[in-house]
Every structure is written in C-alpha cells, then in structure tokens.
file data_32.pdb (PDB, C-alpha atoms)
ATOM      1  CA  MET B   1      36.307  65.389  31.516
ATOM      2  CA  PHE B   2      36.148  62.624  34.072
ATOM      3  CA  ILE B   3      38.945  62.583  36.648
ATOM      4  CA  SER B   4      39.502  59.496  38.730
ATOM      5  CA  THR B   5      39.418  59.670  42.504
ATOM      6  CA  THR B   6      43.124  58.824  42.715
ATOM      7  CA  LYS B   7      44.093  61.592  40.318
ATOM      8  CA  ALA B   8      41.925  64.072  42.228
ATOM      9  CA  SER B   9      43.654  63.146  45.468
ATOM     10  CA  LEU B  10      47.089  63.645  43.928
ATOM     11  CA  LEU B  11      46.091  67.035  42.511
ATOM     12  CA  ALA B  12      44.750  68.165  45.878
ATOM     13  CA  SER B  13      47.951  67.027  47.634
ATOM     14  CA  PHE B  14      50.086  68.841  45.086
ATOM     15  CA  SER B  15      48.058  72.038  45.558
ATOM     16  CA  ILE B  16      48.500  71.849  49.319
ATOM     17  CA  GLN B  17      52.268  71.479  48.943
ATOM     18  CA  ILE B  18      52.383  74.544  46.668
ATOM     19  CA  VAL B  19      50.461  76.551  49.273
ATOM     20  CA  VAL B  20      52.837  75.418  52.034
ATOM     21  CA  ILE B  21      55.896  76.354  49.951
ATOM     22  CA  LEU B  22      54.461  79.785  49.100
ATOM     23  CA  HIS B  23      53.626  80.378  52.748
ATOM     24  CA  SER B  24      57.127  79.340  53.765
ATOM     25  CA  LEU B  25      58.679  81.724  51.260
ATOM     26  CA  GLN B  26      56.474  84.524  52.524
ATOM     27  CA  ARG B  27      57.607  83.906  56.114
ATOM     28  CA  THR B  28      61.282  83.791  55.045
ATOM     29  CA  ASN B  29      61.009  87.145  53.269
ATOM     30  CA  ALA B  30      59.261  88.629  56.265
ATOM     31  CA  PHE B  31      62.034  87.300  58.546
ATOM     32  CA  HIS B  32      64.769  88.829  56.370
ATOM     33  CA  LEU B  33      62.946  92.140  56.261
ATOM     34  CA  SER B  34      62.434  92.034  60.013
ATOM     35  CA  ASN B  35      66.053  91.032  60.590
ATOM     36  CA  HIS B  36      67.279  93.868  58.380
ATOM     37  CA  HIS B  37      65.088  96.329  60.277
ATOM     38  CA  TRP B  38      66.370  94.961  63.642
ATOM     39  CA  HIS B  39      69.993  95.156  62.466
ATOM     40  CA  HIS B  40      69.444  98.745  61.327
ATOM     41  CA  ARG B  41      67.941  99.684  64.690
ATOM     42  CA  ARG B  42      70.781  97.892  66.518
ATOM     43  CA  THR B  43      73.394  99.734  64.443
ATOM     44  CA  ALA B  44      71.679 103.050  65.103
ATOM     45  CA  ARG B  45      71.495 102.270  68.822
ATOM     46  CA  ARG B  46      75.149 101.233  68.908
ATOM     47  CA  GLY B  47      76.124 104.459  67.142
ATOM     48  CA  TRP B  48      74.252 106.454  69.777
ATOM     49  CA  LEU B  49      76.070 104.584  72.550
ATOM     50  CA  ASP B  50      79.405 105.175  70.821
ATOM     51  CA  GLY B  51      78.645 108.869  70.942
ATOM     52  CA  LEU B  52      77.804 108.613  74.632
ATOM     53  CA  PHE B  53      80.889 106.519  75.424
ATOM     54  CA  PRO B  54      83.558 107.554  72.889
ATOM     55  CA  THR B  55      86.346 105.180  71.930
ATOM     56  CA  PHE B  56      89.409 105.499  74.207
ATOM     57  CA  ASN B  57      92.355 107.083  72.419
ATOM     58  CA  PRO B  58      95.623 106.739  74.432
ATOM     59  CA  GLU B  59      97.408 109.549  72.569
ATOM     60  CA  GLU B  60      94.559 112.020  73.008
ATOM     61  CA  GLN B  61      94.216 111.061  76.668
ATOM     62  CA  ALA B  62      97.962 111.556  77.276
ATOM     63  CA  LYS B  63      97.812 115.004  75.663
ATOM     64  CA  ALA B  64      94.758 115.941  77.737
ATOM     65  CA  ASP B  65      96.527 114.828  80.927
ATOM     66  CA  LEU B  66      99.616 116.866  80.011
ATOM     67  CA  ASP B  67      97.517 119.965  79.314
ATOM     68  CA  ARG B  68      95.727 119.558  82.629
ATOM     69  CA  ARG B  69      99.023 119.180  84.493
ATOM     70  CA  LYS B  70     100.248 122.425  82.958
ATOM     71  CA  GLN B  71      97.054 124.242  83.869
ATOM     72  CA  PHE B  72      96.643 122.766  87.368
ATOM     73  CA  PRO B  73     100.114 121.520  88.394
ATOM     74  CA  GLU B  74      99.396 121.407  92.112
ATOM     75  CA  GLN B  75      96.576 118.902  91.696
ATOM     76  CA  TYR B  76      99.326 116.351  91.072
ATOM     77  CA  PRO B  77     102.314 115.139  93.117
ATOM     78  CA  ALA B  78     105.407 117.325  92.874
ATOM     79  CA  THR B  79     107.711 116.805  89.930
ATOM     80  CA  TYR B  80     111.296 115.732  90.610
ATOM     81  CA  GLU B  81     112.539 118.056  87.882
ATOM     82  CA  LEU B  82     114.449 121.190  88.829
ATOM     83  CA  LEU B  83     114.493 124.572  87.133
ATOM     84  CA  GLN B  84     117.819 125.276  85.454
ATOM     85  CA  GLU B  85     119.452 128.686  85.333
ATOM     86  CA  GLU B  86     120.817 128.056  81.835
ATOM     87  CA  ASP B  87     117.252 127.572  80.617
ATOM     88  CA  GLY B  88     116.395 131.135  81.615
ATOM     89  CA  CYS B  89     114.065 130.020  84.399
ATOM     90  CA  PHE B  90     115.551 132.249  87.091
ATOM     91  CA  LEU B  91     114.225 135.766  87.711
ATOM     92  CA  ALA B  92     116.362 138.877  87.669
ATOM     93  CA  ASP B  93     115.347 139.571  91.271
ATOM     94  CA  ASP B  94     116.530 136.151  92.468
ATOM     95  CA  ILE B  95     119.303 136.768  94.974
ATOM     96  CA  GLY B  96     120.372 135.031  98.159
ATOM     97  CA  ASP B  97     117.848 132.506  99.463
ATOM     98  CA  ALA B  98     115.416 133.214  96.616
ATOM     99  CA  ARG B  99     118.065 132.176  94.119
ATOM    100  CA  LEU B 100     118.918 129.109  96.184
ATOM    101  CA  VAL B 101     115.359 127.714  96.242
ATOM    102  CA  ARG B 102     114.282 128.739  92.714
ATOM    103  CA  PRO B 103     115.242 125.332  91.184
ATOM    104  CA  LEU B 104     112.751 123.633  93.520
ATOM    105  CA  LEU B 105     109.732 125.543  92.226
ATOM    106  CA  LYS B 106     109.150 123.847  88.873
ATOM    107  CA  GLY B 107     105.498 122.955  88.532
ATOM    108  CA  THR B 108     104.390 125.076  91.510
ATOM    109  CA  GLN B 109     102.330 128.246  91.743
ATOM    110  CA  LEU B 110     105.526 130.127  92.653
ATOM    111  CA  GLU B 111     107.546 128.984  89.640
ATOM    112  CA  LYS B 112     107.460 132.376  87.897
ATOM    113  CA  ARG B 113     106.707 134.624  90.861
ATOM    114  CA  LYS B 114     109.145 136.892  92.663
ATOM    115  CA  LEU B 115     110.070 135.636  96.142
ATOM    116  CA  GLU B 116     110.809 137.303  99.446
ATOM    117  CA  VAL B 117     112.021 136.109 102.839
ATOM    118  CA  VAL B 118     109.037 136.854 105.049
ATOM    119  CA  TYR B 119     110.333 135.089 108.160
ATOM    120  CA  ASP B 120     113.901 134.818 109.440
ATOM    121  CA  ALA B 121     114.173 133.141 112.850
ATOM    122  CA  ASP B 122     117.412 134.950 113.711
ATOM    123  CA  ARG B 123     115.826 138.307 112.858
ATOM    124  CA  ASP B 124     112.217 137.777 113.978
ATOM    125  CA  GLY B 125     112.603 135.304 116.813
ATOM    126  CA  TRP B 126     112.708 131.547 117.310
ATOM    127  CA  ASN B 127     109.103 131.229 118.477
ATOM    128  CA  ALA B 128     105.711 130.284 117.051
ATOM    129  CA  LYS B 129     104.165 133.708 117.621
ATOM    130  CA  SER B 130     106.787 135.469 115.496
ATOM    131  CA  PHE B 131     106.584 132.701 112.916
ATOM    132  CA  HIS B 132     102.814 132.993 112.423
ATOM    133  CA  GLY B 133     102.928 136.780 112.617
ATOM    134  CA  ALA B 134     105.154 136.698 109.543
ATOM    135  CA  VAL B 135     103.791 133.817 107.438
ATOM    136  CA  ASP B 136     100.025 133.751 108.056
ATOM    137  CA  GLY B 137      97.931 134.669 105.038
ATOM    138  CA  LYS B 138     100.912 134.755 102.669
ATOM    139  CA  GLY B 139      99.946 131.651 100.688
ATOM    140  CA  ALA B 140     102.342 129.005  99.390
ATOM    141  CA  SER B 141     105.591 128.926 101.365
ATOM    142  CA  ILE B 142     109.076 127.421 101.207
ATOM    143  CA  VAL B 143     110.743 126.464 104.483
ATOM    144  CA  LEU B 144     114.534 126.576 104.244
ATOM    145  CA  ALA B 145     116.674 125.401 107.158
ATOM    146  CA  LYS B 146     120.316 124.594 107.788
ATOM    147  CA  PRO B 147     121.320 122.208 110.593
ATOM    148  CA  GLN B 148     124.201 123.214 112.817
ATOM    149  CA  SER B 149     127.647 122.039 111.697
ATOM    150  CA  SER B 150     126.174 121.084 108.346
ATOM    151  CA  PHE B 151     127.201 121.652 104.761
ATOM    152  CA  CYS B 152     123.724 121.534 103.199
ATOM    153  CA  TYR B 153     120.164 122.797 103.423
ATOM    154  CA  ILE B 154     116.918 120.939 104.058
ATOM    155  CA  GLY B 155     113.316 122.094 104.027
ATOM    156  CA  GLY B 156     109.883 121.735 102.519
ATOM    157  CA  TYR B 157     107.219 123.289 100.334
ATOM    158  CA  ASN B 158     103.771 123.989 101.787
ATOM    159  CA  PRO B 159     101.428 124.846  98.854
ATOM    160  CA  LYS B 160      98.668 126.140 101.126
ATOM    161  CA  GLY B 161     100.744 128.049 103.636
ATOM    162  CA  TRP B 162      99.576 128.965 107.131
ATOM    163  CA  ALA B 163      96.710 131.015 108.554
ATOM    164  CA  SER B 164      96.482 130.028 112.264
ATOM    165  CA  TYR B 165      93.016 128.516 111.782
ATOM    166  CA  GLY B 166      93.984 125.218 113.392
ATOM    167  CA  GLY B 167      93.725 121.779 111.865
ATOM    168  CA  ALA B 168      95.578 120.487 108.832
ATOM    169  CA  ARG B 169      96.150 121.987 105.399
ATOM    170  CA  PRO B 170      96.250 119.140 102.849
ATOM    171  CA  SER B 171      97.993 119.119  99.485
ATOM    172  CA  VAL B 172      99.254 116.314  97.276
ATOM    173  CA  ALA B 173     101.756 118.785  95.777
ATOM    174  CA  ALA B 174     103.660 119.320  99.047
ATOM    175  CA  PHE B 175     107.221 118.033  99.261
ATOM    176  CA  LEU B 176     110.336 117.960 101.410
ATOM    177  CA  PHE B 177     113.849 118.403 100.061
ATOM    178  CA  TYR B 178     117.525 118.168 100.878
ATOM    179  CA  GLN B 179     120.776 119.004  99.134
ATOM    180  CA  THR B 180     122.573 115.968  97.796
ATOM    181  CA  ALA B 181     125.992 115.500  99.372
ATOM    182  CA  SER B 182     127.256 113.493  96.392
ATOM    183  CA  SER B 183     126.575 116.303  93.926
ATOM    184  CA  PRO B 184     129.432 118.819  93.395
ATOM    185  CA  THR B 185     126.824 121.535  92.863
ATOM    186  CA  LYS B 186     124.753 120.360  95.844
ATOM    187  CA  GLN B 187     121.615 119.970  93.796
ATOM    188  CA  PHE B 188     118.343 119.407  95.579
ATOM    189  CA  GLN B 189     116.463 116.134  95.886
ATOM    190  CA  LYS B 190     112.692 116.381  96.320
ATOM    191  CA  LEU B 191     110.663 113.963  98.436
ATOM    192  CA  GLN B 192     107.024 113.640  97.395
ATOM    193  CA  LYS B 193     104.054 113.496  99.735
ATOM    194  CA  ILE B 194     102.750 109.934  99.860
ATOM    195  CA  GLY B 195      99.393 108.460 100.817
ATOM    196  CA  GLY B 196      97.474 111.332  99.245
ATOM    197  CA  GLY B 197      97.545 114.961 100.281
ATOM    198  CA  GLY B 198      96.135 114.582 103.784
ATOM    199  CA  LEU B 199      98.232 116.020 106.662
ATOM    200  CA  ALA B 200     100.727 117.626 104.268
ATOM    201  CA  CYS B 201     100.793 120.489 106.753
ATOM    202  CA  THR B 202      99.562 118.795 109.898
ATOM    203  CA  ARG B 203      99.196 121.687 112.325
ATOM    204  CA  ASP B 204      98.129 125.222 111.552
ATOM    205  CA  ASP B 205      97.941 126.217 115.202
ATOM    206  CA  PRO B 206      99.037 129.724 116.282
ATOM    207  CA  ASP B 207     101.178 128.273 119.086
ATOM    208  CA  PHE B 208     103.055 125.791 116.896
ATOM    209  CA  GLY B 209     105.661 126.257 114.185
ATOM    210  CA  VAL B 210     106.367 124.008 111.199
ATOM    211  CA  SER B 211     104.760 120.577 110.907
ATOM    212  CA  LEU B 212     105.050 119.149 107.409
ATOM    213  CA  GLY B 213     103.405 115.817 108.055
ATOM    214  CA  PRO B 214     103.088 114.601 111.638
ATOM    215  CA  ASP B 215     106.756 113.610 111.476
ATOM    216  CA  GLY B 216     108.170 114.525 108.027
ATOM    217  CA  LEU B 217     109.749 117.805 109.133
ATOM    218  CA  VAL B 218     108.688 119.251 112.472
ATOM    219  CA  ILE B 219     110.073 122.477 113.960
ATOM    220  CA  PRO B 220     107.810 123.259 116.955
ATOM    221  CA  LEU B 221     109.244 126.684 117.904
ATOM    222  CA  GLN B 222     107.438 126.376 121.221
ATOM    223  CA  GLU B 223     108.418 128.297 124.320
ATOM    224  CA  GLY B 224     109.904 126.259 127.123
ATOM    225  CA  THR B 225     111.669 123.937 124.690
ATOM    226  CA  ASN B 226     114.853 124.245 122.694
ATOM    227  CA  GLU B 227     113.405 126.392 119.905
ATOM    228  CA  ARG B 228     116.151 125.448 117.449
ATOM    229  CA  ARG B 229     115.364 121.746 117.671
ATOM    230  CA  ALA B 230     113.874 120.034 114.594
ATOM    231  CA  MET B 231     112.717 116.455 113.974
ATOM    232  CA  SER B 232     112.316 114.425 110.813
ATOM    233  CA  LYS B 233     111.153 110.928 109.979
ATOM    234  CA  LEU B 234     110.675 109.830 106.381
ATOM    235  CA  GLY B 235     108.460 107.030 105.124
ATOM    236  CA  PRO B 236     105.001 107.403 106.701
ATOM    237  CA  TYR B 237     104.013 110.708 105.070
ATOM    238  CA  TYR B 238     106.916 111.764 102.848
ATOM    239  CA  GLU B 239     108.960 109.316 100.821
ATOM    240  CA  LYS B 240     112.500 108.284 101.698
ATOM    241  CA  GLY B 241     113.764 109.087  98.216
ATOM    242  CA  PRO B 242     116.474 107.439  96.112
ATOM    243  CA  ASP B 243     118.943 107.483  99.013
ATOM    244  CA  ASP B 244     116.458 105.658 101.271
ATOM    245  CA  TYR B 245     117.099 108.083 104.130
ATOM    246  CA  GLU B 246     115.202 107.663 107.380
ATOM    247  CA  SER B 247     115.425 111.418 107.985
ATOM    248  CA  VAL B 248     116.266 114.520 105.942
ATOM    249  CA  PHE B 249     119.114 115.121 108.384
ATOM    250  CA  TYR B 250     120.904 112.020 107.095
ATOM    251  CA  ALA B 251     121.619 113.969 103.910
ATOM    252  CA  CYS B 252     123.526 116.521 105.970
ATOM    253  CA  GLY B 253     125.736 113.993 107.710
ATOM    254  CA  GLY B 254     123.410 113.473 110.657
ATOM    255  CA  ILE B 255     122.843 110.090 112.251
ATOM    256  CA  ASN B 256     119.696 110.909 114.240
ATOM    257  CA  SER B 257     116.124 111.879 113.442
ATOM    258  CA  SER B 258     116.571 115.252 115.128
ATOM    259  CA  ALA B 259     118.993 118.142 114.801
ATOM    260  CA  MET B 260     119.680 121.653 116.050
ATOM    261  CA  LEU B 261     119.172 124.325 113.428
ATOM    262  CA  GLU B 262     121.677 127.023 112.600
ATOM    263  CA  SER B 263     119.209 128.997 110.482
ATOM    264  CA  LEU B 264     115.531 128.958 109.518
ATOM    265  CA  VAL B 265     113.760 131.137 106.958
ATOM    266  CA  VAL B 266     110.440 131.060 105.110
ATOM    267  CA  LEU B 267     110.009 132.451 101.606
ATOM    268  CA  VAL B 268     106.683 133.372  99.979
ATOM    269  CA  GLY B 269     105.538 134.892  96.720
ATOM    270  CA  VAL B 270     105.323 138.651  96.201
ATOM    271  CA  TYR B 271     101.847 139.886  95.229
ATOM    272  CA  GLU B 272     100.628 143.287  94.104
ATOM    273  CA  ASP B 273      98.266 145.279  96.305
ATOM    274  CA  GLY B 274      94.768 143.913  95.844
ATOM    275  CA  GLU B 275      95.997 140.794  94.084
ATOM    276  CA  ASP B 276      94.414 137.569  95.268
ATOM    277  CA  ILE B 277      96.740 135.297  97.250
ATOM    278  CA  PRO B 278      95.722 131.650  96.785
ATOM    279  CA  TYR B 279      95.040 129.768 100.025
ATOM    280  CA  SER B 280      95.604 132.815 102.190
ATOM    281  CA  GLY B 281      92.639 131.909 104.404
ATOM    282  CA  ALA B 282      90.881 128.768 105.540
ATOM    283  CA  VAL B 283      91.097 125.630 103.391
ATOM    284  CA  MET B 284      89.059 122.452 103.225
ATOM    285  CA  ASP B 285      90.484 119.704 105.404
ATOM    286  CA  MET B 286      88.348 116.879 103.912
ATOM    287  CA  THR B 287      90.176 116.472 100.650
ATOM    288  CA  SER B 288      93.396 114.757  99.675
ATOM    289  CA  GLY B 289      94.678 117.586  97.498
TER     290      GLY B 289
END
call {"tool": "encode", "arguments": {"input": "data_32.pdb", "output": "structure tokens"}}
result
Amino acid sequence: MFISTTKASLLASFSIQIVVILHSLQRTNAFHLSNHHWHHRRTARRGWLDGLFPTFNPEEQAKADLDRRKQFPEQYPATYELLQEEDGCFLADDIGDARLVRPLLKGTQLEKRKLEVVYDADRDGWNAKSFHGAVDGKGASIVLAKPQSSFCYIGGYNPKGWASYGGARPSVAAFLFYQTASSPTKQFQKLQKIGGGGLACTRDDPDFGVSLGPDGLVIPLQEGTNERRAMSKLGPYYEKGPDDYESVFYACGGINSSAMLESLVVLVGVYEDGEDIPYSGAVMDMTSG
C-alpha cells in the first residue's frame, strides 16, 4: 500500500511522541522507587539516631535525679529540711549535743550514724593544736558554738572534715546554721554554700582552727589572740538566708560580725574498728564538690 509523504511524517512524529512518553513514565517510576528507597534509608538512619539520642522524658529524668540525690546526697547543695523526732529519725543514743544537732543532718552522710563529741574547747583547750588533735581524720564534722550572753546556737557542717594537710577542703554540701529567735522551739535555719563547693572549708592548717569559708564562720583558735573570738560574714560564700542576716551572730541578738564564744564543740560520726571513714585523709582541692 502506498503511503503519502505527509502521512509518513505524521506517523513518524506520533511514534516519537510515544517513545518520549514511555521514557518519561520509566523515569517517573524509577524516581518513585529511588525516593522510596531513600525514604526507607532516612527512616532507618533516623531510628538509629533516636536510639543514640533518646527522647527526653521529664518524668523519667525527675525520678532519676531524685534517685541520684538519695544515693549521693552530698553531691548536691544541702537541703533546708530538718529531721523530725516524731518521724522516728532520732537515734536512741542521741543525748545532749548529739540530740540538739540531729535535725540538721537530713541528707548528709551522718543522718543515720551515731554521733560523739570529739572536741570540747572547755575540756580540751581553746587552741588549734588541741582542736586538730581531736578532729583530724574523723571525717564529716558538725561545729556547734554558743556566743556569750546568747540564747541560741550557731555553727556549721563540714562534710570533709579536717586532716591538717593544708589547703582547702571543698564541698557543695557544706552549710552554716543558726537557731531562729522567732521560733518557740528554736528550730535551726540552714545557710547553703554558694558559688559552688570551693573554699567550703578554707583552711586545713594544723595551726588554725575553724574556717568555714574565708569569712562565713571563722574561729582561729590561735595562740596570742583571744581564742574565744569568732567572726562571721554572710553573702560571699554562704547565703544570708531568709532573714537576710549579715552574720550568723545577728540571729543571736548580736549587732557585729564578731562575737566571743561561751562554748565550742565538734561532733563526728562513730565508726567501728576497721570501718572506712569517708574523707579522713587528703581530698582533691580542684573540684567544686
């Protein structure tokens, strides 16, 4: 059959269009297949990253933080809460000064440990040598003092104690305290360490007494001075607390940043023979806790 030149041209053009359409469809299918494969790989990769960086869950994180605080309480600032006798938190052996300071020990390594007065300035001497001879190597310690002509006690908690190795003994869990004059039961108010744990106990020198912070509560006990003299300035290293006191002595009716002490004792935990005493030796002085 004879086909005109015009008809042949039209048929050829139509065939070319068919080829172009088929080629286009082939490329589209290939793109969708490729896109599906890429999406699958992306999903798989994202799932792997999700496993590496799990989704943040506030409730789980809060529970984990609470568990860690219970296990390592002294890696955190001191709690303001006090132990209550009606809650059964006191020990049967708590008498005298041990009974007085027990409420302060919530969240510390001494919370459930029997206490003893290891240093009494009136008994052992108002000097640094007697002080260190009694407290060195005994671990966490509570300083309890009463200013002259005062109706309340002041003091501080040193989680890492003394050892006469010189330098500072840092701890974010250290705190000062005073008895609140407005409370009928004279409950204690704690004052947290601020600015990290550095210089919580500033001087661990054998010829110097108590130095909780460079100025928080300082009782030098040095010969040639008035050994009963103590100084306190709040704000730079220990907080001023809810009463905004400039010194712990303000809580006892004082109007100055220094006072003469009527009594001074240090209490420590009681350990069995051979039992490890935390922080009884040298400690790192390059940390904040």
call {"tool": "atom_distance", "arguments": {"input": "data_32.pdb", "atom1": "atom CA of B:Asp94", "atom2": "atom CA of B:Ala174"}}
result
22.2 Å
call {"tool": "resolve_selection", "arguments": {"input": "data_32.pdb", "expression": "the PyMOL selection byres ((chain B and resi 161) around 8)", "output": "PyMOL selection string"}}
result
chain B and resi 135-141+158-160+162-163+169+279-280
call {"tool": "residues_around", "arguments": {"input": "data_32.pdb", "residues": "stretch 247-262 of chain B", "least_positions_apart": "3", "cutoff": "8 Å", "atoms": "all atoms listed in the file", "output": "PyMOL selection string"}}
result
chain B and resi 145-154+177-181+216-217+228-234+240
call {"tool": "write_last_selection", "arguments": {"input": "data_32.pdb", "atoms": "C-alpha atoms", "output": "mmCIF file, in the coordinates of the input"}}
result
data_model
loop_
_atom_site.group_PDB
_atom_site.id
_atom_site.type_symbol
_atom_site.label_atom_id
_atom_site.label_comp_id
_atom_site.auth_asym_id
_atom_site.auth_seq_id
_atom_site.Cartn_x
_atom_site.Cartn_y
_atom_site.Cartn_z
ATOM 1 C CA ALA B 145 116.674 125.401 107.158
ATOM 2 C CA LYS B 146 120.316 124.594 107.788
ATOM 3 C CA PRO B 147 121.320 122.208 110.593
ATOM 4 C CA GLN B 148 124.201 123.214 112.817
ATOM 5 C CA SER B 149 127.647 122.039 111.697
ATOM 6 C CA SER B 150 126.174 121.084 108.346
ATOM 7 C CA PHE B 151 127.201 121.652 104.761
ATOM 8 C CA CYS B 152 123.724 121.534 103.199
ATOM 9 C CA TYR B 153 120.164 122.797 103.423
ATOM 10 C CA ILE B 154 116.918 120.939 104.058
ATOM 11 C CA PHE B 177 113.849 118.403 100.061
ATOM 12 C CA TYR B 178 117.525 118.168 100.878
ATOM 13 C CA GLN B 179 120.776 119.004 99.134
ATOM 14 C CA THR B 180 122.573 115.968 97.796
ATOM 15 C CA ALA B 181 125.992 115.500 99.372
ATOM 16 C CA GLY B 216 108.170 114.525 108.027
ATOM 17 C CA LEU B 217 109.749 117.805 109.133
ATOM 18 C CA ARG B 228 116.151 125.448 117.449
ATOM 19 C CA ARG B 229 115.364 121.746 117.671
ATOM 20 C CA ALA B 230 113.874 120.034 114.594
ATOM 21 C CA MET B 231 112.717 116.455 113.974
ATOM 22 C CA SER B 232 112.316 114.425 110.813
ATOM 23 C CA LYS B 233 111.153 110.928 109.979
ATOM 24 C CA LEU B 234 110.675 109.830 106.381
ATOM 25 C CA LYS B 240 112.500 108.284 101.698
#
call {"tool": "closest_residue", "arguments": {"input": "data_32.pdb", "among": "B:Met284, B:Ala62, B:Val117, B:Leu82", "to": "B:Val270", "atoms": "only C-alpha atoms"}}
result
B:Val117
call {"tool": "atom_distance", "arguments": {"input": "data_32.pdb", "atom1": "atom CA of B:Lys70", "atom2": "atom CA of B:Ala168"}}
result
26.4 Å
call {"tool": "atom_distance", "arguments": {"input": "data_32.pdb", "atom1": "atom CA of B:Lys114", "atom2": "atom CA of B:Leu100"}}
result
13.0 Å
call {"tool": "resolve_selection", "arguments": {"input": "data_32.pdb", "expression": "the PyMOL selection byres ((chain B and resi 101-106) around 7)", "output": "PyMOL selection string"}}
result
chain B and resi 81-84+90+97-100+107-108+110-111
call {"tool": "closest_atom_pairs", "arguments": {"input": "data_32.pdb", "of": "stretch 67-157 of chain B", "to": "stretch 198-203 of chain B", "cutoff": "12 Å", "atoms": "only C-alpha atoms", "output": "Markdown table"}}
result
| residue | atom | partner | partner_atom | distance |
| --- | --- | --- | --- | --- |
| B:Pro77 | CA | B:Ala200 | CA | 11.5 |
| B:Ala128 | CA | B:Arg203 | CA | 11.8 |
| B:His132 | CA | B:Arg203 | CA | 11.9 |
| B:Ala140 | CA | B:Cys201 | CA | 11.4 |
| B:Ser141 | CA | B:Cys201 | CA | 11.1 |
| B:Val143 | CA | B:Cys201 | CA | 11.8 |
| B:Gly156 | CA | B:Cys201 | CA | 10.1 |
| B:Tyr157 | CA | B:Ala200 | CA | 9.5 |
call {"tool": "closest_residue", "arguments": {"input": "data_32.pdb", "among": "B:Gly213, B:Glu116, B:Glu223, B:Ala78", "to": "B:Ile95", "atoms": "all atoms listed in the file"}}
result
B:Glu116
